[in-house]
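Only one structure is covered here, and it is reproduced in the block below.
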2 protein chains.
Amino acid sequence: MVERDTSFTQEELAYLAGQPLGRIATAQPNGTLQVSPVGFRHNTATGTIDITGYRMAQSRKYRNVADNGRVAFVVDDLASVRPWRPRCVEIRGRAEAVVDPRLGPIIRIHPERIISFGLDEPDTDAHSLTINARDVHQPRHGAERI
Amino acid sequence: MVERDTSFTQEELAYLAGQPLGRIATAQPNGTLQVSPVGFRHNTATGTIDITGYRMAQSRKYRNVADNGRVAFVVDDLASVRPWRPRCVEIRGRAEAVVDPRLGPIIRIHPERIISFGLDEPDTDAHSLTINARDVHQPRHGAERI
C-alpha cells in the first residue's frame, strides 16, 4: 500500500501539480549559491519533490547536491497582477542526487520545512495573506522504500 | 556622469525590465538555503540588481545577506509551452543588505557571474540554446558611489 504523503496540504499539492516550473537553489562546494528553473513532480510514494532536467547528471546543481545535499526549492506565480496576487510554495530540506529506475538522474528533495501562501485566499490583499509555515517530518527510511 | 553598466547585454536588460518577479536564494547562518520570489530592478547607476519587498528589513533573506552576503538570483519564464521556450537570466554574486535613501531597505546584488539563455533565439529548440555564461567585473568601489 502506498502511504499518503501528509507533509503537504491538498491545496499545496493541487497548486504544485498545476505549475510547469520551479526554481531550485543549491550550494557549490566553495559556498557559492546558484538558482535555476527546473521541471519537477511531487512523488507520492516517497513524499519527495523529484527534480528532472536535460543533462541532469552533468549539471552543476546535481553535483552540488551530491556534494552537500543542501537545497531550497520554490514554486510561485502571480494569479493576477492587478490586484497583486502572489502564490507560493517554498520547500527547504535535504536532497539526494539519485538515479531513478524510470526517470534517470534526478534530484530528490526531502522536505523539512514548507512555507506557502496565497493558495486559498484569492480575495485577500497580498500583504495580509496567511503564511502557512511549518516543519514537516519525513517517514522513516523504511517507509520510503515502498 | 552615470557610467553605463556593461555587465549585462542589451537583451538581458530588456528581458529583466519586462519581468515582474525574480527568485533570490540566500543562506542562513547555519547553512540552510532558502529561495523566494521578489520584486527587483536593475540599478543603472550602481550596476546592481536591487531587491525590494514588503517588510524587507524584517525578512530572513535580508538578515541572511547581512550575515554572509551570499546570494544567487534568477529571472526566468516560458515564452511558450508548446514548443518549450524557456528564457532565463541567472546572476551569482555578492550582496549587501542596505538602506537606500529612496527605496528603503533593499538587498543590493553585485553580479560576479551572469548566465543567460533563450533571450534572442526564439526559434531554437530548447536543448540547442546557446548558454551565455561569463564572469563580470564590478566597477571599483569609488565608481559605485556615483
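Here, A, B, ... name the chains of the C-alpha cells in the order displayed, residue numbers run from 1 inside each chain, and ligands are numbered from 1 in the same displayed order.
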Just fit chain B onto chain A on all the Cα atoms, in order, by least squares, and give it as a compact mmCIF listing (two decimals) with C-alpha atoms, in the first residue's frame.
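Once everything was written out, this is superposed.txt:
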```txt
# COMPACT_ATOMS: atom_id res chain seq x y z
CA MET B 1 0.27 -0.07 0.07
CA VAL B 2 1.48 3.38 -0.81
CA GLU B 3 1.17 5.67 2.17
CA ARG B 4 -0.28 9.06 1.54
CA ASP B 5 2.15 11.93 1.90
CA THR B 6 0.76 14.18 4.58
CA SER B 7 3.57 16.75 4.50
CA PHE B 8 1.69 18.87 1.98
CA THR B 9 -1.83 20.21 2.19
CA GLN B 10 -4.30 19.38 -0.56
CA GLU B 11 -4.14 23.00 -1.72
CA GLU B 12 -0.37 22.83 -1.99
CA LEU B 13 -0.45 19.56 -3.93
CA ALA B 14 -3.06 20.92 -6.34
CA TYR B 15 -1.02 24.07 -6.87
CA LEU B 16 2.23 22.17 -7.44
CA ALA B 17 0.53 19.87 -9.93
CA GLY B 18 -0.55 22.84 -12.02
CA GLN B 19 2.77 24.67 -12.31
CA PRO B 20 5.27 23.84 -15.05
CA LEU B 21 8.47 25.06 -13.38
CA GLY B 22 10.05 25.61 -9.99
CA ARG B 23 13.38 27.13 -9.02
CA ILE B 24 15.98 25.17 -7.13
CA ALA B 25 18.78 26.69 -5.07
CA THR B 26 21.92 24.70 -4.34
CA ALA B 27 25.38 25.44 -2.95
CA GLN B 28 28.68 24.71 -4.63
CA PRO B 29 31.42 23.05 -2.58
CA ASN B 30 33.06 26.48 -2.14
CA GLY B 31 29.82 27.96 -0.79
CA THR B 32 28.75 29.89 -3.90
CA LEU B 33 24.98 29.72 -4.32
CA GLN B 34 23.15 29.06 -7.55
CA VAL B 35 19.48 29.02 -8.50
CA SER B 36 17.83 27.83 -11.70
CA PRO B 37 14.46 26.90 -13.21
CA VAL B 38 13.62 23.19 -13.32
CA GLY B 39 10.85 20.76 -14.05
CA PHE B 40 9.54 18.80 -11.09
CA ARG B 41 6.87 16.50 -9.79
CA HIS B 42 5.60 15.52 -6.40
CA ASN B 43 6.34 11.85 -5.81
CA THR B 44 3.47 10.41 -3.79
CA ALA B 45 5.27 7.16 -3.02
CA THR B 46 8.37 8.75 -1.52
CA GLY B 47 6.88 12.01 -0.24
CA THR B 48 9.56 13.87 -2.14
CA ILE B 49 9.83 16.50 -4.84
CA ASP B 50 11.68 14.95 -7.77
CA ILE B 51 13.57 17.38 -10.01
CA THR B 52 14.17 16.44 -13.60
CA GLY B 53 16.13 18.18 -16.30
CA TYR B 54 18.03 17.95 -19.52
CA ARG B 55 21.51 16.55 -18.93
CA MET B 56 20.77 16.47 -15.20
CA ALA B 57 23.70 14.21 -14.29
CA GLN B 58 26.15 16.67 -15.89
CA SER B 59 24.61 19.73 -14.28
CA ARG B 60 26.28 21.76 -11.58
CA LYS B 61 23.18 21.56 -9.37
CA TYR B 62 23.22 17.76 -9.46
CA ARG B 63 26.88 17.72 -8.45
CA ASN B 64 26.21 20.32 -5.76
CA VAL B 65 23.50 18.12 -4.27
CA ALA B 66 25.78 15.08 -4.43
CA ASP B 67 28.41 17.12 -2.59
CA ASN B 68 26.39 18.50 0.30
CA GLY B 69 22.65 17.78 -0.09
CA ARG B 70 21.71 21.38 0.67
CA VAL B 71 18.69 22.63 -1.22
CA ALA B 72 15.76 24.99 -1.27
CA PHE B 73 13.00 24.91 -3.86
CA VAL B 74 10.23 27.33 -4.69
CA VAL B 75 7.19 27.27 -6.94
CA ASP B 76 5.40 30.56 -7.31
CA ASP B 77 3.47 32.70 -9.73
CA LEU B 78 1.15 35.67 -9.88
CA ALA B 79 -2.51 34.68 -10.02
CA SER B 80 -3.05 38.26 -11.13
CA VAL B 81 -0.96 41.43 -11.38
CA ARG B 82 -3.77 43.91 -10.69
CA PRO B 83 -4.55 43.29 -7.96
CA TRP B 84 -1.21 41.81 -6.94
CA ARG B 85 -1.91 38.14 -6.11
CA PRO B 86 1.25 36.14 -5.46
CA ARG B 87 1.07 32.41 -4.80
CA CYS B 88 3.96 30.43 -3.43
CA VAL B 89 5.13 27.10 -2.04
CA GLU B 90 8.69 27.08 -0.72
CA ILE B 91 10.37 23.87 0.41
CA ARG B 92 13.56 23.62 2.42
CA GLY B 93 15.18 20.30 3.11
CA ARG B 94 17.79 17.78 2.22
CA ALA B 95 18.27 16.40 -1.24
CA GLU B 96 19.88 13.40 -2.88
CA ALA B 97 21.34 13.07 -6.35
CA VAL B 98 19.95 9.72 -7.39
CA VAL B 99 19.25 7.67 -10.50
CA ASP B 100 15.58 6.76 -10.62
CA PRO B 101 14.92 3.50 -12.51
CA ARG B 102 12.28 5.20 -14.61
CA LEU B 103 13.23 8.90 -14.67
CA GLY B 104 17.02 8.58 -14.79
CA PRO B 105 19.20 11.04 -12.84
CA ILE B 106 17.08 13.24 -10.61
CA ILE B 107 17.43 15.44 -7.57
CA ARG B 108 15.15 14.09 -4.86
CA ILE B 109 14.13 16.63 -2.24
CA HIS B 110 13.02 15.50 1.21
CA PRO B 111 11.02 18.40 2.64
CA GLU B 112 11.87 19.49 6.16
CA ARG B 113 10.11 22.84 6.14
CA ILE B 114 7.23 24.03 3.95
CA ILE B 115 6.11 27.64 3.61
CA SER B 116 3.12 28.56 1.47
CA PHE B 117 0.79 31.47 0.92
CA GLY B 118 -1.84 32.76 -1.47
CA LEU B 119 -3.21 29.36 -2.48
CA ASP B 120 -6.65 29.54 -0.92
CA GLU B 121 -7.18 33.25 -0.25
CA PRO B 122 -7.96 34.61 -3.71
CA ASP B 123 -9.57 37.79 -2.38
CA THR B 124 -7.06 38.70 0.30
CA ASP B 125 -4.72 41.66 -0.04
CA ALA B 126 -1.17 40.46 -0.72
CA HIS B 127 0.18 42.00 2.47
CA SER B 128 -2.50 40.31 4.57
CA LEU B 129 -2.04 36.76 3.31
CA THR B 130 -1.72 33.99 5.87
CA ILE B 131 1.73 32.41 5.82
CA ASN B 132 1.47 28.66 6.35
CA ALA B 133 4.94 27.73 7.61
CA ARG B 134 5.73 24.51 9.41
CA ASP B 135 8.35 21.85 9.90
CA VAL B 136 7.41 18.51 8.41
CA HIS B 137 8.60 15.08 9.26
CA GLN B 138 9.79 12.56 6.77
CA PRO B 139 8.68 8.94 7.03
CA ARG B 140 11.41 6.76 8.45
CA HIS B 141 13.94 5.35 6.06
CA GLY B 142 12.16 2.04 5.72
CA ALA B 143 8.92 3.68 4.73
CA GLU B 144 10.65 5.48 1.86
CA ARG B 145 11.48 2.18 0.24
CA ILE B 146 7.93 1.29 -0.72
```
| task | Could you find all residues in chain B that DSSP calls strand (DSSP E or B) from the backbone, and write them as number ranges by chain? | result | B: 22-27, 33-43, 48-52, 70-80, 85-100, 104-117, 132-135
